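Participant: Mind looking over this structure? Questions follow.
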Amino acid sequence: MAKKKFYAVANGRKPGIYTSWPEAEAQVKGYGGAKYKGFVSRGEAETWMKNPPTQPRKKKMVKKTVNTQPYVMTDDCIEIYTDGGAINNPGPGGYGVVIVADGTMRELSGGYCHTTNNRMELMACIKGIEALIPEKRKVVLFSDSRYVVNGITKGWAKSWRKRSWIKSDGKPAVNPDLWEILLDLTEGLNISFRWLKGHAGHPLNERCDQLAVHSARGDNLVEDTGYSG
């Protein structure tokens, strides 16, 4: 059987014809309503691109979602997907990050010998944003941690910092060292945080989980100097 060498992307981040699957995959992976197909020749791909088949319209199901406003990816937008966790919590931990920008995907990961789930969720966000600074384009960060997303979007972390890292109930805020770094990094950055349900089949969230777990089980774990548990 002839090997497919041309990939036509009719609906994706950057529609066009690509000569390798990794390039084409970056345009369609995690993109809602992606439409693409592989061909043996460029001529076939170009013909298909001129009139790609339409998919039958599916009946919409109304269900509750965390974000009521839909998110639409644009060419000048950067996406960061993050995940983190610790084995036995606390225990060996790791973080995973996937950055989607300019039609390419970049992965980051790291592991620590003794830490917590929440610290690794925060660390994933920190490492992802640090990899982009300086950056003037809009950035959307997806995390499956409500702790992280609510801490930013609801202003909890900023309130804790104003009270010298004391919560409204009078108890000390946890992980102030990482929250401080994250707040500083987001200052002046055009960034929004969005919650993404974990282990629900989203390919980039699943990839972040794989990176985090692999890092936590690695051999070259470093010390999480900010964790005192």
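Every chain in the structure tokens takes a letter, A first, then B, and so on in the order presented; its residues are numbered from 1, and the ligands are numbered from 1 following the presented order.
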Just the residues within 12 Å of stretch 182-186 of chain A, please, counting only C-alpha atoms, with nothing from its chain fewer than 6 positions along; format it as a PyMOL selection string.

Facilitator: chain A and resi 119+121-136+138-141+148-149+151-153+155-162+175-176+192-193

Participant: Next, the residues of the selection above should be written as a compact mmCIF listing (two decimals), in the first residue's frame with N, CA, C and O atoms.

Facilitator:
# COMPACT_ATOMS: atom_id res chain seq x y z
N ARG A 119 1.06 21.76 44.63
CA ARG A 119 2.31 22.44 44.30
C ARG A 119 2.73 22.12 42.86
O ARG A 119 3.24 22.99 42.15
N GLU A 121 0.63 21.35 40.41
CA GLU A 121 -0.30 22.05 39.52
C GLU A 121 0.16 23.50 39.33
O GLU A 121 0.15 24.03 38.22
N LEU A 122 0.56 24.13 40.42
CA LEU A 122 1.06 25.49 40.35
C LEU A 122 2.38 25.56 39.58
O LEU A 122 2.60 26.47 38.77
N MET A 123 3.25 24.60 39.83
CA MET A 123 4.56 24.59 39.17
C MET A 123 4.40 24.45 37.66
O MET A 123 5.15 25.07 36.89
N ALA A 124 3.44 23.66 37.23
CA ALA A 124 3.20 23.48 35.79
C ALA A 124 2.84 24.82 35.15
O ALA A 124 3.35 25.17 34.07
N CYS A 125 1.98 25.58 35.81
CA CYS A 125 1.59 26.89 35.28
C CYS A 125 2.79 27.83 35.24
O CYS A 125 3.00 28.55 34.25
N ILE A 126 3.57 27.82 36.29
CA ILE A 126 4.75 28.69 36.37
C ILE A 126 5.73 28.38 35.25
O ILE A 126 6.21 29.28 34.55
N LYS A 127 6.05 27.11 35.07
CA LYS A 127 7.02 26.72 34.04
C LYS A 127 6.51 27.04 32.64
O LYS A 127 7.28 27.44 31.77
N GLY A 128 5.21 26.86 32.42
CA GLY A 128 4.64 27.15 31.12
C GLY A 128 4.71 28.63 30.78
O GLY A 128 5.08 29.02 29.67
N ILE A 129 4.38 29.47 31.76
CA ILE A 129 4.41 30.91 31.52
C ILE A 129 5.84 31.41 31.40
O ILE A 129 6.15 32.27 30.55
N GLU A 130 6.73 30.90 32.23
CA GLU A 130 8.14 31.31 32.16
C GLU A 130 8.74 31.04 30.78
O GLU A 130 9.59 31.80 30.31
N ALA A 131 8.28 29.97 30.14
CA ALA A 131 8.81 29.61 28.82
C ALA A 131 8.38 30.60 27.74
O ALA A 131 8.97 30.61 26.66
N LEU A 132 7.37 31.42 28.03
CA LEU A 132 6.84 32.34 27.02
C LEU A 132 7.29 33.79 27.22
O LEU A 132 7.23 34.58 26.29
N ILE A 133 7.71 34.13 28.41
CA ILE A 133 8.03 35.52 28.70
C ILE A 133 9.35 35.92 28.03
O ILE A 133 10.33 35.18 28.11
N PRO A 134 9.42 37.10 27.35
CA PRO A 134 8.31 38.06 27.17
C PRO A 134 7.37 37.63 26.05
O PRO A 134 7.80 37.05 25.07
N GLU A 135 6.11 37.94 26.19
CA GLU A 135 5.10 37.57 25.19
C GLU A 135 3.98 38.60 25.23
O GLU A 135 3.42 38.88 26.29
N LYS A 136 3.65 39.16 24.07
CA LYS A 136 2.62 40.19 24.01
C LYS A 136 1.28 39.66 23.49
O LYS A 136 0.26 40.31 23.60
N LYS A 138 -2.08 37.14 23.17
CA LYS A 138 -3.00 36.59 24.16
C LYS A 138 -2.61 35.15 24.48
O LYS A 138 -2.29 34.37 23.58
N VAL A 139 -2.64 34.82 25.75
CA VAL A 139 -2.32 33.47 26.21
C VAL A 139 -3.51 32.91 26.96
O VAL A 139 -4.11 33.59 27.80
N VAL A 140 -3.89 31.69 26.65
CA VAL A 140 -4.96 30.99 27.38
C VAL A 140 -4.35 29.76 28.03
O VAL A 140 -3.78 28.91 27.35
N LEU A 141 -4.43 29.70 29.34
CA LEU A 141 -3.87 28.57 30.09
C LEU A 141 -4.99 27.66 30.57
O LEU A 141 -5.92 28.11 31.22
N VAL A 148 -6.09 26.01 41.35
CA VAL A 148 -5.29 26.99 40.62
C VAL A 148 -6.19 27.99 39.89
O VAL A 148 -6.00 29.21 40.01
N VAL A 149 -7.14 27.49 39.12
CA VAL A 149 -7.97 28.37 38.31
C VAL A 149 -8.80 29.32 39.18
O VAL A 149 -8.87 30.53 38.92
N GLY A 151 -8.14 30.22 42.21
CA GLY A 151 -7.22 31.10 42.92
C GLY A 151 -6.88 32.34 42.11
O GLY A 151 -6.68 33.42 42.66
N ILE A 152 -6.82 32.18 40.78
CA ILE A 152 -6.52 33.31 39.91
C ILE A 152 -7.78 34.05 39.48
O ILE A 152 -7.89 35.27 39.65
N THR A 153 -8.74 33.33 38.92
CA THR A 153 -9.91 33.98 38.32
C THR A 153 -10.84 34.62 39.37
O THR A 153 -11.50 35.62 39.07
N GLY A 155 -9.72 35.82 42.23
CA GLY A 155 -8.96 36.81 42.98
C GLY A 155 -8.51 36.37 44.36
O GLY A 155 -8.04 37.19 45.16
N TRP A 156 -8.66 35.07 44.66
CA TRP A 156 -8.28 34.60 45.99
C TRP A 156 -6.81 34.85 46.29
O TRP A 156 -6.45 35.35 47.36
N ALA A 157 -5.95 34.48 45.35
CA ALA A 157 -4.51 34.59 45.58
C ALA A 157 -4.08 36.03 45.83
O ALA A 157 -3.25 36.31 46.70
N LYS A 158 -4.64 36.97 45.06
CA LYS A 158 -4.30 38.37 45.27
C LYS A 158 -4.75 38.85 46.64
O LYS A 158 -4.06 39.63 47.30
N SER A 159 -5.92 38.37 47.09
CA SER A 159 -6.42 38.74 48.41
C SER A 159 -5.53 38.17 49.51
O SER A 159 -5.24 38.84 50.50
N TRP A 160 -5.09 36.93 49.32
CA TRP A 160 -4.19 36.32 50.31
C TRP A 160 -2.90 37.13 50.42
O TRP A 160 -2.40 37.36 51.52
N ARG A 161 -2.38 37.56 49.27
CA ARG A 161 -1.13 38.31 49.29
C ARG A 161 -1.31 39.66 49.98
O ARG A 161 -0.43 40.10 50.73
N LYS A 162 -2.45 40.32 49.75
CA LYS A 162 -2.70 41.60 50.41
C LYS A 162 -2.76 41.46 51.92
O LYS A 162 -2.42 42.40 52.65
N ASN A 175 1.12 27.21 50.15
CA ASN A 175 1.96 27.41 48.96
C ASN A 175 2.13 28.88 48.58
O ASN A 175 2.09 29.23 47.38
N PRO A 176 2.37 29.77 49.54
CA PRO A 176 2.52 31.19 49.22
C PRO A 176 3.72 31.47 48.31
O PRO A 176 3.68 32.41 47.52
N SER A 192 -5.46 34.46 30.32
CA SER A 192 -6.68 34.03 31.01
C SER A 192 -6.53 32.57 31.38
O SER A 192 -5.91 31.79 30.66
N PHE A 193 -7.08 32.21 32.54
CA PHE A 193 -7.03 30.83 33.04
C PHE A 193 -8.39 30.19 32.84
O PHE A 193 -9.42 30.78 33.18

Participant: Could you please write out, as a PyMOL selection string, every residue of stretch 4-191 of chain A that DSSP assigns to alpha helix (DSSP H)?

Facilitator: chain A and resi 21-28+42-50+117-130+146-153+156-162+176-186

Participant: Rank A:Gly218, A:Gly188, A:Gly43, A:Gly12 by their smallest atom-to-atom distance to A:Gly30, using only C-alpha atoms, and report the top residue only.

Facilitator: A:Gly12

Participant: May I have all residues of stretch 4-217 of chain A that DSSP, computed from the backbone, assigns to strand (DSSP E), given as a ChimeraX atom specification?

Facilitator: /A:6-11,16-18,35-39,77-86,91-101,104-115,138-143,191-195

Participant: Please, what distance in Å, to one decimal, runs between atom CA of A:Tyr81 and atom CA of A:Val28?

Facilitator: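 Going from atom CA of A:Tyr81 over to atom CA of A:Val28, I get 15.3 Å.
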
Participant: From the options A:Asn117, A:Asn51, A:Asn190, A:Asn11, which residue's atoms come nearest to A:Ser145, counting only C-alpha atoms?

Facilitator: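 Residue with the minimum atom-to-atom distance to A:Ser145: A:Asn117.
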
Participant: Please indicate the distance in Å from atom CA of A:Tyr31 to atom CA of A:Ser215, rounded to one decimal place.

Facilitator: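 It comes out at 26.6 Å.
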
Participant: Using only C-alpha atoms, which of A:Pro172, A:Pro15, A:Pro53, A:Gly111 sits nearest A:Gly84?

Facilitator: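 For A:Gly84, the nearest of the candidates is A:Gly111.
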
Participant: For stretch 87-94 of chain A, find every residue with an atom within 6 Å (counting only C-alpha atoms), except residues of its own chain fewer than 5 positions away, and show them as a tab-separated table (two decimals) with N, CA, C and O atoms, in the first residue's frame.

Facilitator:
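Result file is result37.tsv:
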chain	number	residue	atom	x	y	z
A	110	GLY	N	9.07	18.07	34.57
A	110	GLY	CA	10.08	18.01	35.62
A	110	GLY	C	9.54	17.26	36.82
A	110	GLY	O	8.32	17.15	37.00
A	111	GLY	N	10.45	16.72	37.65
A	111	GLY	CA	10.02	15.94	38.80
A	111	GLY	C	10.72	16.34	40.08
A	111	GLY	O	11.86	16.82	40.05
A	112	TYR	N	10.03	16.13	41.21
A	112	TYR	CA	10.54	16.48	42.52
A	112	TYR	C	10.41	15.29	43.47
A	112	TYR	O	9.44	14.52	43.38
A	113	CYS	N	11.35	15.15	44.37
A	113	CYS	CA	11.39	13.95	45.22
A	113	CYS	C	10.31	13.94	46.30
A	113	CYS	O	9.89	12.87	46.73
A	114	HIS	N	9.86	15.11	46.75
A	114	HIS	CA	8.82	15.13	47.79
A	114	HIS	C	8.04	16.43	47.67
A	114	HIS	O	8.57	17.51	47.92
A	115	THR	N	6.76	16.32	47.31
A	115	THR	CA	5.95	17.51	47.09
A	115	THR	C	4.47	17.13	47.17
A	115	THR	O	4.13	16.05	47.65
A	116	THR	N	3.58	18.01	46.66
A	116	THR	CA	2.14	17.74	46.72
A	116	THR	C	1.49	17.96	45.36
A	116	THR	O	2.07	18.57	44.46
A	212	ALA	N	3.60	14.39	33.50
A	212	ALA	CA	3.71	14.58	34.95
A	212	ALA	C	3.98	13.26	35.67
A	212	ALA	O	4.85	13.18	36.54
A	215	SER	N	7.50	11.99	34.96
A	215	SER	CA	8.50	12.76	35.70
A	215	SER	C	8.53	12.37	37.17
A	215	SER	O	9.60	12.26	37.77
A	216	ALA	N	7.34	12.16	37.75
A	216	ALA	CA	7.28	11.78	39.17
A	216	ALA	C	7.92	10.43	39.43
A	216	ALA	O	8.43	10.18	40.54

Participant: Would you kindly return, as a ChimeraX atom specification, each protein, DNA or RNA residue with an atom no farther than 6 Å from any atom of A:Trp195, considering only C-alpha atoms and excluding same-chain residues fewer than 3 positions away?

Facilitator: /A:142-144

Participant: Between atom CA of A:Tyr36 and atom CA of A:Glu23, what is the distance, to one decimal in Å?

Facilitator: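 Going from atom CA of A:Tyr36 over to atom CA of A:Glu23 covers 12.2 Å.
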
Participant: Which of these residues is nearest to A:Asp102, using only C-alpha atoms: A:Cys77, A:Ile17, A:Val213, A:Val222?

Facilitator: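 When distances to A:Asp102 are compared using only C-alpha atoms, the smallest one comes from A:Cys77.
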
Participant: Env of A:Pro203: 12 Å cut, atoms = only C-alpha atoms, seq-sep filter 2 positions within chain, self excluded. Answer as a PyMOL selection string.

Facilitator: chain A and resi 25-26+28-32+81-82+98+196-201+205-210

Participant: I need the chosen residues saved as an mmCIF file, in the first residue's frame, with C-alpha atoms.

Facilitator:
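So part26.cif came out as:
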data_model
loop_
_atom_site.group_PDB
_atom_site.id
_atom_site.type_symbol
_atom_site.label_atom_id
_atom_site.label_comp_id
_atom_site.auth_asym_id
_atom_site.auth_seq_id
_atom_site.Cartn_x
_atom_site.Cartn_y
_atom_site.Cartn_z
ATOM 1 C CA GLU A 25 -1.323 17.008 13.898
ATOM 2 C CA ALA A 26 -0.322 20.311 15.491
ATOM 3 C CA VAL A 28 -5.924 19.563 14.436
ATOM 4 C CA LYS A 29 -5.089 17.965 17.785
ATOM 5 C CA GLY A 30 -7.436 19.371 20.408
ATOM 6 C CA TYR A 31 -9.133 21.613 17.834
ATOM 7 C CA GLY A 32 -12.909 21.331 17.917
ATOM 8 C CA TYR A 81 -2.034 23.055 28.843
ATOM 9 C CA THR A 82 -0.825 22.019 32.306
ATOM 10 C CA VAL A 98 2.195 21.453 26.426
ATOM 11 C CA LEU A 196 -10.493 21.875 31.844
ATOM 12 C CA LYS A 197 -11.929 18.627 33.180
ATOM 13 C CA GLY A 198 -9.125 16.151 33.716
ATOM 14 C CA HIS A 199 -9.093 12.538 32.471
ATOM 15 C CA ALA A 200 -11.976 13.310 30.141
ATOM 16 C CA GLY A 201 -10.258 12.436 26.879
ATOM 17 C CA ASN A 205 -4.615 17.303 28.947
ATOM 18 C CA GLU A 206 -3.933 13.571 28.747
ATOM 19 C CA ARG A 207 -0.453 14.273 27.387
ATOM 20 C CA CYS A 208 0.289 16.630 30.278
ATOM 21 C CA ASP A 209 -0.811 13.919 32.701
ATOM 22 C CA GLN A 210 1.532 11.430 31.024
#

Participant: Smallest atom-to-atom distance to A:His214: which of A:Val9, A:Leu108, A:Ile80, A:Ala24, using only C-alpha atoms?

Facilitator: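 For A:His214, the nearest of the given residues is A:Leu108.
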